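Data block below; observations after.
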Amino acid sequence: MLDTSVVIDLGRVAADKLPAELAISALTLAELAAGPHATDDAAERARRQERLQLIEALFDPLPFDDAAARAYGRVYAATRAANRNPRGARAVDLLIAAIALANNLPLYTRNPDDFAHLQAIGLELRAV
C-alpha cells in the first residue's frame, strides 16, 4: 500500500522500488482531496486537482473498516509506547498504517522514520 507521500511523488519514484500491484487507502484519497484547498497558488491548485483526478481514476481505495479500527488500537498503543504523540499532525499517517496492517500489506513511504516504531507490531515498511 502506498502512503500519501509516495502518491504525491509517484512520477518521481523509481518503478523498481514499487510493487507490481499498487493500493492506496481512502484516507490517502481524502488527503489528496484536501490538497487543492490548502494552497492559494492557482497553478499549484490546478496541479493538485489534476493529481487527485488521476488517482481517483486509477485506484479503488481500501477503506478504514472494522479491521483497520482494531489495528489502529495497536498502532496507537505502539506509538504511545515509543513516547510519540499519536494525535496531531501525524494522526492520519497512523490511520493509514492501520489500514496497511489490517490488510497485511507492506507500507511504501517516503517517510520511514514516521512509521519505524510500528514494525514492532508487524507493520512491514518499504522506504522509497
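Just so we're on the same page: first chain in the C-alpha cells is A, next is B, and so on; residues restart at 1 for each chain, and ligands are numbered from 1 in the order they show up.
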DSSP-assigned helix (DSSP H, G or I) members of chain A, reported as JSON, numbers by chain: {"A": [4, 5, 6, 7, 8, 10, 11, 12, 15, 16, 17, 26, 27, 28, 29, 30, 31, 32, 33, 34, 35, 36, 37, 38, 42, 43, 44, 45, 46, 47, 48, 49, 50, 51, 52, 53, 54, 55, 56, 57, 58, 66, 67, 68, 69, 70, 71, 72, 73, 74, 75, 76, 77, 78, 79, 80, 81, 88, 89, 90, 91, 92, 93, 94, 95, 96, 97, 98, 99, 100, 101, 102, 112, 113, 114, 116, 117, 118, 119, 120, 121]}
Contacts between segment 82-103 of chain A and segment 5-45 of chain A, please, where a residue of segment 5-45 of chain A counts if it comes within 8 Å (with only C-alpha atoms); show its shortest atom pair and distance in Å to one decimal, rows by chain and ascending number, as a tab-separated table.
residue	atom	partner	partner_atom	distance
A:Ser25	CA	A:Ile96	CA	6.5
A:Leu27	CA	A:Ile96	CA	6.5
A:Thr28	CA	A:Ile96	CA	7.4
Resulting file, chosen residues, all heavy atoms, as a PDB file, in the first residue's frame:
ATOM      1  N   SER A  25      -5.143   3.924   0.375  1.00  0.00           N
ATOM      2  CA  SER A  25      -6.243   3.939   1.340  1.00  0.00           C
ATOM      3  C   SER A  25      -7.207   5.076   1.019  1.00  0.00           C
ATOM      4  O   SER A  25      -6.847   6.050   0.351  1.00  0.00           O
ATOM      5  CB  SER A  25      -5.697   4.117   2.754  1.00  0.00           C
ATOM      6  OG  SER A  25      -5.270   5.447   2.949  1.00  0.00           O
ATOM      7  N   LEU A  27      -8.045   7.138   3.109  1.00  0.00           N
ATOM      8  CA  LEU A  27      -7.501   8.298   3.808  1.00  0.00           C
ATOM      9  C   LEU A  27      -6.499   9.044   2.931  1.00  0.00           C
ATOM     10  O   LEU A  27      -6.423  10.277   2.985  1.00  0.00           O
ATOM     11  CB  LEU A  27      -6.875   7.886   5.136  1.00  0.00           C
ATOM     12  CG  LEU A  27      -7.920   7.389   6.141  1.00  0.00           C
ATOM     13  CD1 LEU A  27      -7.255   6.662   7.286  1.00  0.00           C
ATOM     14  CD2 LEU A  27      -8.766   8.528   6.637  1.00  0.00           C
ATOM     15  N   THR A  28      -5.749   8.334   2.128  1.00  0.00           N
ATOM     16  CA  THR A  28      -4.856   8.999   1.176  1.00  0.00           C
ATOM     17  C   THR A  28      -5.683   9.800   0.172  1.00  0.00           C
ATOM     18  O   THR A  28      -5.346  10.947  -0.137  1.00  0.00           O
ATOM     19  CB  THR A  28      -3.960   7.975   0.458  1.00  0.00           C
ATOM     20  OG1 THR A  28      -3.006   7.475   1.402  1.00  0.00           O
ATOM     21  CG2 THR A  28      -3.228   8.586  -0.723  1.00  0.00           C
TER      22      THR A  28
END
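Among the residues of chain A, backbone DSSP assigns strand (DSSP E) to Leu107, Tyr108, Thr109, Leu125, Arg126 and Ala127 of chain A.
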Could you write those residues out with C-alpha atoms, as a short mmCIF file (atom, residue, chain, number, x, y, z; two decimals), in the first residue's frame?
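Written output follows (result_25.cif):
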data_model
loop_
_atom_site.label_atom_id
_atom_site.label_comp_id
_atom_site.auth_asym_id
_atom_site.auth_seq_id
_atom_site.Cartn_x
_atom_site.Cartn_y
_atom_site.Cartn_z
CA LEU A 107 3.52 0.28 3.58
CA TYR A 108 5.59 2.09 0.95
CA THR A 109 6.58 5.53 2.23
CA LEU A 125 7.83 -0.85 5.85
CA ARG A 126 9.37 -0.15 2.48
CA ALA A 127 11.22 3.14 2.05
#
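Within the 10 Å cut-off around Leu18 of chain A, using only C-alpha atoms and omitting residues fewer than 2 positions from it on the same chain, the listed residues are Met1, Leu2, Val6, Leu10, Val13, Ala14, Ala15, Asp16, Ala20, Glu21, Leu22, Tyr108, Arg126, Ala127 and Val128 of chain A.
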Preceding selection exported with all heavy atoms as a tab-separated table (two decimals), in the first residue's frame:
chain	number	residue	atom	x	y	z
A	1	MET	N	0.84	-1.16	0.00
A	1	MET	CA	0.00	0.00	0.00
A	1	MET	C	0.90	1.24	0.00
A	1	MET	O	1.90	1.28	0.70
A	1	MET	CB	-0.90	0.00	1.23
A	1	MET	CG	-1.95	1.08	1.17
A	1	MET	SD	-3.18	0.95	2.47
A	1	MET	CE	-2.33	1.78	3.79
A	2	LEU	N	0.50	2.23	-0.78
A	2	LEU	CA	1.28	3.45	-0.87
A	2	LEU	C	0.82	4.48	0.15
A	2	LEU	O	-0.38	4.75	0.26
A	2	LEU	CB	1.15	4.06	-2.27
A	2	LEU	CG	1.47	3.16	-3.46
A	2	LEU	CD1	1.27	3.92	-4.76
A	2	LEU	CD2	2.86	2.58	-3.35
A	6	VAL	N	4.15	8.88	-1.07
A	6	VAL	CA	4.56	8.20	-2.30
A	6	VAL	C	3.61	8.58	-3.44
A	6	VAL	O	4.05	8.82	-4.57
A	6	VAL	CB	4.60	6.67	-2.10
A	6	VAL	CG1	4.92	5.96	-3.41
A	6	VAL	CG2	5.63	6.31	-1.04
A	10	LEU	N	4.63	10.10	-6.99
A	10	LEU	CA	4.58	8.88	-7.81
A	10	LEU	C	5.38	8.98	-9.10
A	10	LEU	O	6.10	8.05	-9.46
A	10	LEU	CB	3.13	8.53	-8.13
A	10	LEU	CG	2.83	7.08	-8.46
A	10	LEU	CD1	3.42	6.13	-7.44
A	10	LEU	CD2	1.34	6.86	-8.56
A	13	VAL	N	9.20	8.43	-8.34
A	13	VAL	CA	9.65	7.22	-7.65
A	13	VAL	C	10.03	6.18	-8.69
A	13	VAL	O	9.25	5.92	-9.61
A	13	VAL	CB	8.55	6.67	-6.71
A	13	VAL	CG1	8.98	5.36	-6.08
A	13	VAL	CG2	8.19	7.69	-5.64
A	14	ALA	N	11.20	5.59	-8.52
A	14	ALA	CA	11.66	4.56	-9.47
A	14	ALA	C	10.70	3.37	-9.43
A	14	ALA	O	10.34	2.88	-8.36
A	14	ALA	CB	13.07	4.12	-9.10
A	15	ALA	N	10.29	2.92	-10.60
A	15	ALA	CA	9.31	1.83	-10.70
A	15	ALA	C	9.79	0.56	-10.02
A	15	ALA	O	8.99	-0.20	-9.47
A	15	ALA	CB	9.00	1.56	-12.16
A	16	ASP	N	11.11	0.31	-10.02
A	16	ASP	CA	11.63	-0.91	-9.40
A	16	ASP	C	11.55	-0.87	-7.88
A	16	ASP	O	11.81	-1.87	-7.22
A	16	ASP	CB	13.05	-1.20	-9.87
A	16	ASP	CG	14.07	-0.15	-9.43
A	16	ASP	OD1	13.67	0.99	-9.11
A	16	ASP	OD2	15.27	-0.47	-9.43
A	20	ALA	N	4.34	-4.69	-7.90
A	20	ALA	CA	3.63	-4.84	-9.18
A	20	ALA	C	2.18	-4.38	-9.06
A	20	ALA	O	1.63	-3.80	-9.99
A	20	ALA	CB	3.70	-6.29	-9.64
A	21	GLU	N	1.57	-4.64	-7.91
A	21	GLU	CA	0.19	-4.21	-7.67
A	21	GLU	C	0.20	-3.10	-6.63
A	21	GLU	O	0.73	-3.27	-5.54
A	21	GLU	CB	-0.67	-5.37	-7.18
A	21	GLU	CG	-0.92	-6.41	-8.25
A	21	GLU	CD	-1.88	-7.48	-7.77
A	21	GLU	OE1	-2.91	-7.12	-7.15
A	21	GLU	OE2	-1.59	-8.65	-8.02
A	22	LEU	N	-0.40	-1.97	-6.97
A	22	LEU	CA	-0.42	-0.81	-6.08
A	22	LEU	C	-1.79	-0.68	-5.44
A	22	LEU	O	-2.81	-0.98	-6.05
A	22	LEU	CB	-0.11	0.46	-6.87
A	22	LEU	CG	1.19	0.49	-7.66
A	22	LEU	CD1	1.30	1.80	-8.43
A	22	LEU	CD2	2.38	0.29	-6.75
A	108	TYR	N	4.54	1.40	1.69
A	108	TYR	CA	5.59	2.09	0.95
A	108	TYR	C	5.49	3.57	1.29
A	108	TYR	O	4.43	4.18	1.15
A	108	TYR	CB	5.40	1.88	-0.55
A	108	TYR	CG	5.71	0.47	-0.97
A	108	TYR	CD1	4.82	-0.57	-0.74
A	108	TYR	CD2	6.93	0.18	-1.59
A	108	TYR	CE1	5.12	-1.87	-1.11
A	108	TYR	CE2	7.23	-1.13	-1.97
A	108	TYR	CZ	6.33	-2.15	-1.72
A	108	TYR	OH	6.64	-3.43	-2.08
A	126	ARG	N	8.49	-0.21	3.64
A	126	ARG	CA	9.37	-0.15	2.48
A	126	ARG	C	9.63	1.31	2.19
A	126	ARG	O	8.70	2.07	1.86
A	126	ARG	CB	8.72	-0.79	1.26
A	126	ARG	CG	8.29	-2.23	1.45
A	126	ARG	CD	9.45	-3.19	1.29
A	126	ARG	NE	9.09	-4.55	1.64
A	126	ARG	CZ	8.53	-5.43	0.83
A	126	ARG	NH1	8.29	-5.11	-0.42
A	126	ARG	NH2	8.25	-6.64	1.25
A	127	ALA	N	10.85	1.76	2.34
A	127	ALA	CA	11.22	3.14	2.05
A	127	ALA	C	11.46	3.28	0.55
A	127	ALA	O	12.11	2.43	-0.07
A	127	ALA	CB	12.47	3.53	2.81
A	128	VAL	N	10.90	4.33	-0.03
A	128	VAL	CA	11.12	4.59	-1.46
A	128	VAL	C	11.60	6.00	-1.66
A	128	VAL	O	11.42	6.87	-0.85
A	128	VAL	CB	9.86	4.33	-2.31
A	128	VAL	CG1	9.50	2.86	-2.28
A	128	VAL	CG2	8.70	5.17	-1.89
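Taking atom CA of Gln53 of chain A and atom CA of Arg110 of chain A as the two end points, the separation is 21.8 Å.
From atom CA of Leu123 of chain A back to atom CA of Ile24 of chain A, the distance works out to 15.5 Å.
Distances to Phe59 of chain A were evaluated for A:Asp3, A:Ala23, A:Pro106, A:Gly122 using only C-alpha atoms, and the minimum falls at A:Ala23.
Here atom CA of Pro61 of chain A and atom CA of Ala33 of chain A stand 13.1 Å from one another.
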Contacts of Glu50 of chain A within 12 Å, only C-alpha atoms, excl. fewer than 5 positions in-chain, as JSON, numbers by chain: {"A": [8, 32, 33, 35, 36, 43, 44, 45, 55, 56, 57]}
